[in-house]
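To be precise, the following lines are run30.txt, and they hold compact mmCIF, N, CA and C atoms.
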# COMPACT_ATOMS: atom_id res chain seq x y z
N MET A 1 136.90 53.39 142.82
CA MET A 1 136.10 54.38 143.51
C MET A 1 134.93 54.77 142.63
N GLU A 2 133.74 54.78 143.19
CA GLU A 2 132.54 55.12 142.46
C GLU A 2 132.41 56.63 142.31
N LYS A 3 132.02 57.08 141.11
CA LYS A 3 131.80 58.49 140.89
C LYS A 3 130.49 58.91 141.55
N LYS A 4 130.50 60.03 142.25
CA LYS A 4 129.33 60.57 142.91
C LYS A 4 129.34 62.08 142.75
N GLU A 5 128.19 62.68 142.94
CA GLU A 5 128.14 64.14 142.91
C GLU A 5 128.97 64.73 144.05
N ASP A 6 128.88 64.15 145.22
CA ASP A 6 129.70 64.55 146.36
C ASP A 6 130.45 63.32 146.82
N LEU A 7 131.75 63.40 146.97
CA LEU A 7 132.52 62.27 147.42
C LEU A 7 133.54 62.71 148.42
N ASN A 8 134.01 61.77 149.21
CA ASN A 8 135.00 62.06 150.22
C ASN A 8 136.31 61.44 149.77
N LEU A 9 137.32 62.25 149.60
CA LEU A 9 138.64 61.78 149.20
C LEU A 9 139.61 62.08 150.32
N SER A 10 140.01 61.07 151.05
CA SER A 10 141.00 61.24 152.12
C SER A 10 140.66 62.41 153.04
N ASN A 11 139.46 62.40 153.57
CA ASN A 11 139.00 63.42 154.51
C ASN A 11 138.89 64.81 153.89
N SER A 12 138.78 64.91 152.58
CA SER A 12 138.62 66.21 151.94
C SER A 12 137.39 66.15 151.05
N SER A 13 136.46 67.06 151.26
CA SER A 13 135.23 67.06 150.50
C SER A 13 135.48 67.65 149.11
N VAL A 14 134.90 66.99 148.12
CA VAL A 14 134.99 67.45 146.74
C VAL A 14 133.57 67.47 146.20
N SER A 15 133.13 68.60 145.69
CA SER A 15 131.81 68.64 145.06
C SER A 15 131.98 68.89 143.58
N MET A 16 131.09 68.33 142.80
CA MET A 16 131.20 68.32 141.35
C MET A 16 130.15 69.24 140.74
N THR A 17 130.55 70.05 139.78
CA THR A 17 129.59 70.80 139.00
C THR A 17 129.92 70.57 137.53
N ARG A 18 128.94 70.65 136.70
CA ARG A 18 129.13 70.42 135.27
C ARG A 18 128.94 71.71 134.50
N GLY A 19 129.80 71.90 133.51
CA GLY A 19 129.66 73.06 132.63
C GLY A 19 128.68 72.76 131.52
N ALA A 20 128.44 73.73 130.69
CA ALA A 20 127.43 73.61 129.64
C ALA A 20 127.77 72.53 128.62
N VAL A 21 129.03 72.29 128.38
CA VAL A 21 129.40 71.30 127.36
C VAL A 21 129.90 70.00 127.99
N GLY A 22 129.65 69.79 129.26
CA GLY A 22 130.03 68.55 129.90
C GLY A 22 131.37 68.58 130.60
N ASP A 23 132.17 69.60 130.34
CA ASP A 23 133.42 69.71 131.08
C ASP A 23 133.09 70.10 132.50
N GLY A 24 133.80 69.53 133.43
CA GLY A 24 133.47 69.77 134.82
C GLY A 24 134.48 70.63 135.54
N CYS A 25 134.14 70.91 136.74
CA CYS A 25 135.06 71.53 137.66
C CYS A 25 134.79 70.94 139.03
N VAL A 26 135.76 71.00 139.88
CA VAL A 26 135.60 70.51 141.24
C VAL A 26 135.98 71.61 142.20
N ASN A 27 135.36 71.58 143.35
CA ASN A 27 135.71 72.49 144.43
C ASN A 27 136.13 71.61 145.60
N ILE A 28 137.40 71.69 145.95
CA ILE A 28 137.98 70.85 147.00
C ILE A 28 138.09 71.69 148.26
N ASP A 29 137.64 71.15 149.38
CA ASP A 29 137.78 71.87 150.65
C ASP A 29 139.26 72.15 150.91
N MET A 30 139.55 73.37 151.34
CA MET A 30 140.92 73.75 151.67
C MET A 30 141.38 72.93 152.87
N SER A 31 142.62 72.48 152.82
CA SER A 31 143.18 71.70 153.91
C SER A 31 144.69 71.89 153.94
N GLU A 32 145.24 71.89 155.16
CA GLU A 32 146.70 71.96 155.28
C GLU A 32 147.37 70.73 154.68
N ARG A 33 146.61 69.67 154.46
CA ARG A 33 147.16 68.48 153.80
C ARG A 33 147.77 68.83 152.44
N PHE A 34 147.24 69.87 151.81
CA PHE A 34 147.71 70.24 150.48
C PHE A 34 148.99 71.07 150.51
N LEU A 35 149.55 71.27 151.69
CA LEU A 35 150.89 71.85 151.78
C LEU A 35 151.94 70.77 151.58
N TYR A 36 151.51 69.53 151.46
CA TYR A 36 152.38 68.39 151.14
C TYR A 36 152.17 68.06 149.66
N LYS A 37 153.21 68.16 148.89
CA LYS A 37 153.09 67.95 147.45
C LYS A 37 152.58 66.55 147.10
N ASN A 38 152.98 65.54 147.88
CA ASN A 38 152.53 64.19 147.57
C ASN A 38 151.00 64.06 147.70
N ASN A 39 150.39 64.80 148.64
CA ASN A 39 148.93 64.78 148.75
C ASN A 39 148.28 65.44 147.54
N CYS A 40 148.90 66.48 147.02
CA CYS A 40 148.38 67.15 145.82
C CYS A 40 148.44 66.22 144.62
N ILE A 41 149.54 65.50 144.49
CA ILE A 41 149.69 64.55 143.38
C ILE A 41 148.66 63.43 143.48
N THR A 42 148.46 62.90 144.69
CA THR A 42 147.47 61.84 144.89
C THR A 42 146.08 62.33 144.52
N HIS A 43 145.73 63.53 144.95
CA HIS A 43 144.42 64.09 144.64
C HIS A 43 144.26 64.29 143.13
N ALA A 44 145.30 64.75 142.49
CA ALA A 44 145.26 64.95 141.04
C ALA A 44 145.00 63.63 140.33
N LYS A 45 145.66 62.57 140.76
CA LYS A 45 145.46 61.24 140.15
C LYS A 45 144.01 60.81 140.26
N ILE A 46 143.42 61.02 141.43
CA ILE A 46 142.03 60.62 141.65
C ILE A 46 141.09 61.43 140.76
N LEU A 47 141.33 62.73 140.65
CA LEU A 47 140.48 63.58 139.82
C LEU A 47 140.53 63.17 138.35
N ILE A 48 141.72 62.81 137.88
CA ILE A 48 141.87 62.36 136.49
C ILE A 48 141.26 60.98 136.30
N MET A 49 141.54 60.07 137.23
CA MET A 49 141.05 58.69 137.13
C MET A 49 139.52 58.66 137.05
N ASN A 50 138.84 59.54 137.77
CA ASN A 50 137.39 59.57 137.78
C ASN A 50 136.79 60.52 136.75
N ASN A 51 137.65 61.05 135.87
CA ASN A 51 137.21 61.96 134.81
C ASN A 51 136.49 63.20 135.33
N TYR A 52 136.85 63.64 136.53
CA TYR A 52 136.29 64.89 137.03
C TYR A 52 136.94 66.08 136.37
N ILE A 53 138.21 65.95 136.03
CA ILE A 53 138.95 67.01 135.37
C ILE A 53 139.56 66.44 134.10
N THR A 54 139.41 67.17 133.02
CA THR A 54 139.99 66.77 131.74
C THR A 54 140.82 67.93 131.20
N GLY A 55 141.68 67.62 130.25
CA GLY A 55 142.46 68.67 129.59
C GLY A 55 143.59 69.22 130.44
N MET A 56 143.98 68.50 131.49
CA MET A 56 145.10 68.92 132.34
C MET A 56 145.91 67.68 132.68
N THR A 57 147.19 67.89 132.89
CA THR A 57 148.04 66.79 133.34
C THR A 57 147.93 66.67 134.86
N GLU A 58 148.35 65.53 135.35
CA GLU A 58 148.42 65.31 136.79
C GLU A 58 149.26 66.39 137.46
N GLN A 59 150.39 66.72 136.84
CA GLN A 59 151.29 67.74 137.40
C GLN A 59 150.62 69.10 137.45
N GLU A 60 149.90 69.49 136.40
CA GLU A 60 149.23 70.79 136.38
C GLU A 60 148.19 70.89 137.49
N ILE A 61 147.42 69.82 137.69
CA ILE A 61 146.41 69.83 138.75
C ILE A 61 147.08 69.91 140.11
N ALA A 62 148.12 69.11 140.32
CA ALA A 62 148.83 69.12 141.60
C ALA A 62 149.41 70.51 141.89
N GLU A 63 149.99 71.14 140.90
CA GLU A 63 150.57 72.48 141.08
C GLU A 63 149.49 73.50 141.46
N GLU A 64 148.33 73.40 140.84
CA GLU A 64 147.26 74.34 141.14
C GLU A 64 146.73 74.14 142.57
N ILE A 65 146.55 72.89 142.97
CA ILE A 65 146.11 72.61 144.34
C ILE A 65 147.13 73.14 145.34
N PHE A 66 148.39 72.83 145.11
CA PHE A 66 149.47 73.25 146.02
C PHE A 66 149.54 74.78 146.12
N ALA A 67 149.46 75.46 144.98
CA ALA A 67 149.55 76.92 144.99
C ALA A 67 148.40 77.54 145.78
N HIS A 68 147.20 76.98 145.63
CA HIS A 68 146.07 77.48 146.41
C HIS A 68 146.36 77.35 147.91
N ALA A 69 146.87 76.19 148.32
CA ALA A 69 147.15 75.97 149.75
C ALA A 69 148.26 76.88 150.25
N VAL A 70 149.33 77.01 149.48
CA VAL A 70 150.44 77.88 149.89
C VAL A 70 149.95 79.32 150.05
N CYS A 71 149.19 79.80 149.08
CA CYS A 71 148.71 81.18 149.16
C CYS A 71 147.72 81.38 150.30
N TYR A 72 146.93 80.37 150.59
CA TYR A 72 145.96 80.51 151.67
C TYR A 72 146.64 80.49 153.05
N TYR A 73 147.53 79.54 153.26
CA TYR A 73 148.13 79.36 154.57
C TYR A 73 149.39 80.20 154.81
N TRP A 74 150.15 80.49 153.76
CA TRP A 74 151.44 81.13 153.95
C TRP A 74 151.53 82.54 153.39
N TYR A 75 150.49 83.02 152.76
CA TYR A 75 150.52 84.37 152.18
C TYR A 75 150.67 85.41 153.28
N ASP A 76 151.59 86.33 153.08
CA ASP A 76 151.81 87.43 154.01
C ASP A 76 151.82 88.72 153.20
N PRO A 77 150.76 89.54 153.32
CA PRO A 77 150.71 90.76 152.50
C PRO A 77 151.83 91.74 152.78
N ASP A 78 152.54 91.56 153.87
CA ASP A 78 153.61 92.50 154.22
C ASP A 78 155.01 91.96 154.00
N GLY A 79 155.14 90.71 153.54
CA GLY A 79 156.51 90.30 153.53
C GLY A 79 156.99 89.16 152.69
N ASN A 80 156.20 88.16 152.36
CA ASN A 80 156.85 87.06 151.64
C ASN A 80 156.96 87.34 150.15
N ILE A 81 157.50 86.40 149.44
CA ILE A 81 157.86 86.59 148.03
C ILE A 81 156.67 86.98 147.15
N PHE A 82 155.46 86.59 147.53
CA PHE A 82 154.30 86.85 146.68
C PHE A 82 153.41 87.98 147.20
N HIS A 83 153.92 88.79 148.12
CA HIS A 83 153.08 89.79 148.77
C HIS A 83 152.47 90.80 147.80
N SER A 84 153.11 91.05 146.68
CA SER A 84 152.56 92.04 145.75
C SER A 84 151.87 91.40 144.54
N ASN A 85 151.69 90.08 144.57
CA ASN A 85 151.07 89.39 143.44
C ASN A 85 149.55 89.37 143.63
N PRO A 86 148.80 89.94 142.69
CA PRO A 86 147.34 89.98 142.85
C PRO A 86 146.69 88.60 142.85
N LEU A 87 147.24 87.64 142.10
CA LEU A 87 146.67 86.30 142.09
C LEU A 87 146.87 85.63 143.46
N ALA A 88 148.04 85.81 144.04
CA ALA A 88 148.30 85.25 145.38
C ALA A 88 147.34 85.86 146.40
N ALA A 89 147.12 87.15 146.30
CA ALA A 89 146.18 87.81 147.22
C ALA A 89 144.76 87.27 147.05
N GLU A 90 144.36 87.06 145.80
CA GLU A 90 143.02 86.52 145.54
C GLU A 90 142.89 85.10 146.08
N LEU A 91 143.88 84.26 145.83
CA LEU A 91 143.83 82.88 146.32
C LEU A 91 143.78 82.85 147.84
N HIS A 92 144.51 83.76 148.47
CA HIS A 92 144.49 83.85 149.93
C HIS A 92 143.10 84.25 150.43
N SER A 93 142.53 85.27 149.84
CA SER A 93 141.25 85.79 150.33
C SER A 93 140.08 84.84 150.06
N ARG A 94 140.19 84.02 149.01
CA ARG A 94 139.10 83.11 148.66
C ARG A 94 139.36 81.68 149.11
N GLY A 95 140.45 81.45 149.79
CA GLY A 95 140.83 80.09 150.16
C GLY A 95 139.82 79.34 151.00
N ALA A 96 139.13 80.05 151.87
CA ALA A 96 138.13 79.39 152.72
C ALA A 96 136.97 78.85 151.89
N ASP A 97 136.80 79.37 150.67
CA ASP A 97 135.74 78.88 149.78
C ASP A 97 136.14 77.58 149.08
N GLY A 98 137.38 77.17 149.23
CA GLY A 98 137.85 75.93 148.62
C GLY A 98 138.78 76.18 147.45
N ILE A 99 139.20 75.09 146.85
CA ILE A 99 140.11 75.12 145.72
C ILE A 99 139.31 74.73 144.48
N LEU A 100 139.07 75.69 143.62
CA LEU A 100 138.30 75.43 142.41
C LEU A 100 139.25 75.04 141.29
N ILE A 101 139.06 73.83 140.77
CA ILE A 101 139.86 73.35 139.64
C ILE A 101 138.90 73.14 138.47
N GLU A 102 139.17 73.79 137.36
CA GLU A 102 138.32 73.68 136.18
C GLU A 102 139.01 72.85 135.10
N SER A 103 138.24 72.05 134.41
CA SER A 103 138.80 71.30 133.29
C SER A 103 139.50 72.25 132.33
N GLY A 104 140.66 71.85 131.88
CA GLY A 104 141.45 72.67 130.98
C GLY A 104 142.38 73.63 131.69
N GLY A 105 142.17 73.80 132.98
CA GLY A 105 143.05 74.66 133.78
C GLY A 105 142.57 76.08 133.88
N ASP A 106 143.22 76.82 134.73
CA ASP A 106 142.91 78.22 134.99
C ASP A 106 143.19 79.04 133.74
N LYS A 107 142.21 79.78 133.29
CA LYS A 107 142.32 80.54 132.03
C LYS A 107 142.89 81.94 132.22
N ARG A 108 143.08 82.36 133.47
CA ARG A 108 143.60 83.71 133.70
C ARG A 108 145.03 83.82 133.21
N LEU A 109 145.35 84.96 132.64
CA LEU A 109 146.68 85.21 132.10
C LEU A 109 147.73 85.02 133.18
N GLY A 110 148.68 84.15 132.94
CA GLY A 110 149.80 83.94 133.85
C GLY A 110 149.52 83.00 135.01
N ALA A 111 148.29 82.51 135.14
CA ALA A 111 147.95 81.69 136.30
C ALA A 111 148.73 80.38 136.32
N LYS A 112 148.78 79.68 135.20
CA LYS A 112 149.50 78.39 135.18
C LYS A 112 150.99 78.59 135.47
N ALA A 113 151.56 79.65 134.94
CA ALA A 113 152.97 79.94 135.22
C ALA A 113 153.17 80.25 136.70
N PHE A 114 152.22 80.95 137.30
CA PHE A 114 152.29 81.26 138.73
C PHE A 114 152.23 79.97 139.55
N TYR A 115 151.34 79.05 139.19
CA TYR A 115 151.22 77.79 139.93
C TYR A 115 152.52 77.00 139.86
N THR A 116 153.14 76.99 138.69
CA THR A 116 154.42 76.29 138.53
C THR A 116 155.50 76.97 139.36
N LEU A 117 155.51 78.30 139.37
CA LEU A 117 156.48 79.04 140.17
C LEU A 117 156.35 78.70 141.65
N VAL A 118 155.13 78.66 142.16
CA VAL A 118 154.90 78.32 143.57
C VAL A 118 155.40 76.90 143.84
N TRP A 119 155.06 75.97 142.95
CA TRP A 119 155.49 74.57 143.10
C TRP A 119 157.02 74.48 143.19
N ASN A 120 157.70 75.22 142.33
CA ASN A 120 159.16 75.15 142.27
C ASN A 120 159.85 75.99 143.35
N THR A 121 159.13 76.93 143.97
CA THR A 121 159.72 77.82 144.97
C THR A 121 159.60 77.28 146.39
N PHE A 122 158.46 76.70 146.70
CA PHE A 122 158.19 76.23 148.06
C PHE A 122 158.32 74.72 148.12
N ASP A 123 158.94 74.25 149.21
CA ASP A 123 159.11 72.81 149.40
C ASP A 123 157.86 72.16 149.97
N GLY A 124 157.00 72.94 150.55
CA GLY A 124 155.86 72.36 151.25
C GLY A 124 156.30 71.88 152.62
N LYS A 125 155.43 71.15 153.25
CA LYS A 125 155.74 70.66 154.60
C LYS A 125 156.56 69.40 154.51
Represent the supplied structure as structure tokens.
Amino acid sequence: MEKKEDLNLSNSSVSMTRGAVGDGCVNIDMSERFLYKNNCITHAKILIMNNYITGMTEQEIAEEIFAHAVCYYWYDPDGNIFHSNPLAAELHSRGADGILIESGGDKRLGAKAFYTLVWNTFDGK
């Protein structure tokens, strides 16, 4: 697959931006496809293979994509397991803007642990 500034990966738009030191980030259009863990893993492989994301494992990227989708589509402020989690609320409210994955992973305190918790808690579709 050829690297491009904008590319289409399995019907999901991904746009590329570059940071000051060359590390990148991608913004993936939100899709219910990412409620399937295997789609998250496939997307992670493509991002790594094309060097769009560095400093993260395939599993870390897949977990972050999956957590964004779960929080966007399944978040319930009145009732599910993450209703009082501020990160879940933020991911839900910003989900329509896409899934932002930054090289090196999410730097917010507890974010990576939260993504792993979501991965291990929800089966997906």
Close residues, Gly95 of chain A itself excluded, 6.5 Å, only N, CA and C atoms, min 4 positions apart in chain, as an MDAnalysis selection string: chainID A and resid 30 72 90:91 99
For the residues in the current selection, export N, CA and C atoms as a PDB file, in the coordinates of the input.
ATOM      1  N   MET A  30     139.550  73.370 151.340  1.00  0.00           N
ATOM      2  CA  MET A  30     140.920  73.750 151.670  1.00  0.00           C
ATOM      3  C   MET A  30     141.380  72.930 152.870  1.00  0.00           C
ATOM      4  N   TYR A  72     146.930  80.370 150.590  1.00  0.00           N
ATOM      5  CA  TYR A  72     145.960  80.510 151.670  1.00  0.00           C
ATOM      6  C   TYR A  72     146.640  80.490 153.050  1.00  0.00           C
ATOM      7  N   GLU A  90     144.360  87.060 145.800  1.00  0.00           N
ATOM      8  CA  GLU A  90     143.020  86.520 145.540  1.00  0.00           C
ATOM      9  C   GLU A  90     142.890  85.100 146.080  1.00  0.00           C
ATOM     10  N   LEU A  91     143.880  84.260 145.830  1.00  0.00           N
ATOM     11  CA  LEU A  91     143.830  82.880 146.320  1.00  0.00           C
ATOM     12  C   LEU A  91     143.780  82.850 147.840  1.00  0.00           C
ATOM     13  N   ILE A  99     139.200  75.090 146.850  1.00  0.00           N
ATOM     14  CA  ILE A  99     140.110  75.120 145.720  1.00  0.00           C
ATOM     15  C   ILE A  99     139.310  74.730 144.480  1.00  0.00           C
TER      16      ILE A  99
END
Ala44 of chain A: which residues within 6 Å, counting only N, CA and C atoms, same-chain residues fewer than 5 positions away excluded, as a compact mmCIF listing (two decimals) with N, CA and C atoms, in the coordinates of the input?
# COMPACT_ATOMS: atom_id res chain seq x y z
N ASN A 39 150.39 64.80 148.64
CA ASN A 39 148.93 64.78 148.75
C ASN A 39 148.28 65.44 147.54
N MET A 49 141.54 60.07 137.23
CA MET A 49 141.05 58.69 137.13
C MET A 49 139.52 58.66 137.05
N GLU A 58 148.35 65.53 135.35
CA GLU A 58 148.42 65.31 136.79
C GLU A 58 149.26 66.39 137.46
N ILE A 61 147.42 69.82 137.69
CA ILE A 61 146.41 69.83 138.75
C ILE A 61 147.08 69.91 140.11
N ALA A 62 148.12 69.11 140.32
CA ALA A 62 148.83 69.12 141.60
C ALA A 62 149.41 70.51 141.89
Test item: residues at most 12 Å from Ile65 of chain A, only C-alpha atoms, excluding those fewer than 4 positions along its chain, as a ChimeraX atom specification: /A:26-44,47,58-61,69-72,91,95,98-102,105-106,112,115-116,118-119,124
Interatomic distance (Å, one decimal) between atom C of Asp97 of chain A and atom C of Ala67 of chain A: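 Separating atom C of Asp97 of chain A from atom C of Ala67 of chain A is a distance of 12.7 Å.
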Computed interatomic separation between atom C of Asn85 of chain A and atom C of Gly24 of chain A (Å):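 Separation between atom C of Asn85 of chain A and atom C of Gly24 of chain A: 25.4 Å.
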One-decimal distance in Å that lies between atom CA of Leu109 of chain A and atom CA of Pro86 of chain A: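 Those two atoms sit 11.8 Å apart.
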DSSP alpha helix (DSSP H) residues within segment 21-101 of chain A, as a PyMOL selection string: chain A and resi 37-49+58-74+86-94
Save out the residues we just selected, N, CA and C atoms, as a short mmCIF file (atom, residue, chain, number, x, y, z; two decimals), in the coordinates of the input.
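Result file again-v3.cif:
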data_model
loop_
_atom_site.label_atom_id
_atom_site.label_comp_id
_atom_site.auth_asym_id
_atom_site.auth_seq_id
_atom_site.Cartn_x
_atom_site.Cartn_y
_atom_site.Cartn_z
N LYS A 37 153.21 68.16 148.89
CA LYS A 37 153.09 67.95 147.45
C LYS A 37 152.58 66.55 147.10
N ASN A 38 152.98 65.54 147.88
CA ASN A 38 152.53 64.19 147.57
C ASN A 38 151.00 64.06 147.70
N ASN A 39 150.39 64.80 148.64
CA ASN A 39 148.93 64.78 148.75
C ASN A 39 148.28 65.44 147.54
N CYS A 40 148.90 66.48 147.02
CA CYS A 40 148.38 67.15 145.82
C CYS A 40 148.44 66.22 144.62
N ILE A 41 149.54 65.50 144.49
CA ILE A 41 149.69 64.55 143.38
C ILE A 41 148.66 63.43 143.48
N THR A 42 148.46 62.90 144.69
CA THR A 42 147.47 61.84 144.89
C THR A 42 146.08 62.33 144.52
N HIS A 43 145.73 63.53 144.95
CA HIS A 43 144.42 64.09 144.64
C HIS A 43 144.26 64.29 143.13
N ALA A 44 145.30 64.75 142.49
CA ALA A 44 145.26 64.95 141.04
C ALA A 44 145.00 63.63 140.33
N LYS A 45 145.66 62.57 140.76
CA LYS A 45 145.46 61.24 140.15
C LYS A 45 144.01 60.81 140.26
N ILE A 46 143.42 61.02 141.43
CA ILE A 46 142.03 60.62 141.65
C ILE A 46 141.09 61.43 140.76
N LEU A 47 141.33 62.73 140.65
CA LEU A 47 140.48 63.58 139.82
C LEU A 47 140.53 63.17 138.35
N ILE A 48 141.72 62.81 137.88
CA ILE A 48 141.87 62.36 136.49
C ILE A 48 141.26 60.98 136.30
N MET A 49 141.54 60.07 137.23
CA MET A 49 141.05 58.69 137.13
C MET A 49 139.52 58.66 137.05
N GLU A 58 148.35 65.53 135.35
CA GLU A 58 148.42 65.31 136.79
C GLU A 58 149.26 66.39 137.46
N GLN A 59 150.39 66.72 136.84
CA GLN A 59 151.29 67.74 137.40
C GLN A 59 150.62 69.10 137.45
N GLU A 60 149.90 69.49 136.40
CA GLU A 60 149.23 70.79 136.38
C GLU A 60 148.19 70.89 137.49
N ILE A 61 147.42 69.82 137.69
CA ILE A 61 146.41 69.83 138.75
C ILE A 61 147.08 69.91 140.11
N ALA A 62 148.12 69.11 140.32
CA ALA A 62 148.83 69.12 141.60
C ALA A 62 149.41 70.51 141.89
N GLU A 63 149.99 71.14 140.90
CA GLU A 63 150.57 72.48 141.08
C GLU A 63 149.49 73.50 141.46
N GLU A 64 148.33 73.40 140.84
CA GLU A 64 147.26 74.34 141.14
C GLU A 64 146.73 74.14 142.57
N ILE A 65 146.55 72.89 142.97
CA ILE A 65 146.11 72.61 144.34
C ILE A 65 147.13 73.14 145.34
N PHE A 66 148.39 72.83 145.11
CA PHE A 66 149.47 73.25 146.02
C PHE A 66 149.54 74.78 146.12
N ALA A 67 149.46 75.46 144.98
CA ALA A 67 149.55 76.92 144.99
C ALA A 67 148.40 77.54 145.78
N HIS A 68 147.20 76.98 145.63
CA HIS A 68 146.07 77.48 146.41
C HIS A 68 146.36 77.35 147.91
N ALA A 69 146.87 76.19 148.32
CA ALA A 69 147.15 75.97 149.75
C ALA A 69 148.26 76.88 150.25
N VAL A 70 149.33 77.01 149.48
CA VAL A 70 150.44 77.88 149.89
C VAL A 70 149.95 79.32 150.05
N CYS A 71 149.19 79.80 149.08
CA CYS A 71 148.71 81.18 149.16
C CYS A 71 147.72 81.38 150.30
N TYR A 72 146.93 80.37 150.59
CA TYR A 72 145.96 80.51 151.67
C TYR A 72 146.64 80.49 153.05
N TYR A 73 147.53 79.54 153.26
CA TYR A 73 148.13 79.36 154.57
C TYR A 73 149.39 80.20 154.81
N TRP A 74 150.15 80.49 153.76
CA TRP A 74 151.44 81.13 153.95
C TRP A 74 151.53 82.54 153.39
N PRO A 86 148.80 89.94 142.69
CA PRO A 86 147.34 89.98 142.85
C PRO A 86 146.69 88.60 142.85
N LEU A 87 147.24 87.64 142.10
CA LEU A 87 146.67 86.30 142.09
C LEU A 87 146.87 85.63 143.46
N ALA A 88 148.04 85.81 144.04
CA ALA A 88 148.30 85.25 145.38
C ALA A 88 147.34 85.86 146.40
N ALA A 89 147.12 87.15 146.30
CA ALA A 89 146.18 87.81 147.22
C ALA A 89 144.76 87.27 147.05
N GLU A 90 144.36 87.06 145.80
CA GLU A 90 143.02 86.52 145.54
C GLU A 90 142.89 85.10 146.08
N LEU A 91 143.88 84.26 145.83
CA LEU A 91 143.83 82.88 146.32
C LEU A 91 143.78 82.85 147.84
N HIS A 92 144.51 83.76 148.47
CA HIS A 92 144.49 83.85 149.93
C HIS A 92 143.10 84.25 150.43
N SER A 93 142.53 85.27 149.84
CA SER A 93 141.25 85.79 150.33
C SER A 93 140.08 84.84 150.06
N ARG A 94 140.19 84.02 149.01
CA ARG A 94 139.10 83.11 148.66
C ARG A 94 139.36 81.68 149.11
#
Members of segment 24-65 of chain A assigned strand (DSSP E) by DSSP, as a PyMOL selection string: chain A and resi 24-28
Residue among A:Ala111, A:Leu87, A:Ala96, A:Leu117 lying closest to Tyr73 of chain A, counting only C-alpha atoms: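 Counting only C-alpha atoms, the residue closest to Tyr73 of chain A is A:Ala96.
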Enclosing box along x, y and z for every listed atom of segment 36-40 of chain A, padded 4 Å each side, centre and size in Å, one decimal, as lines of an AutoDock Vina configuration file:
center_x = 150.7
center_y = 66.8
center_z = 148.0
size_x = 12.9
size_y = 13.5
size_z = 14.8
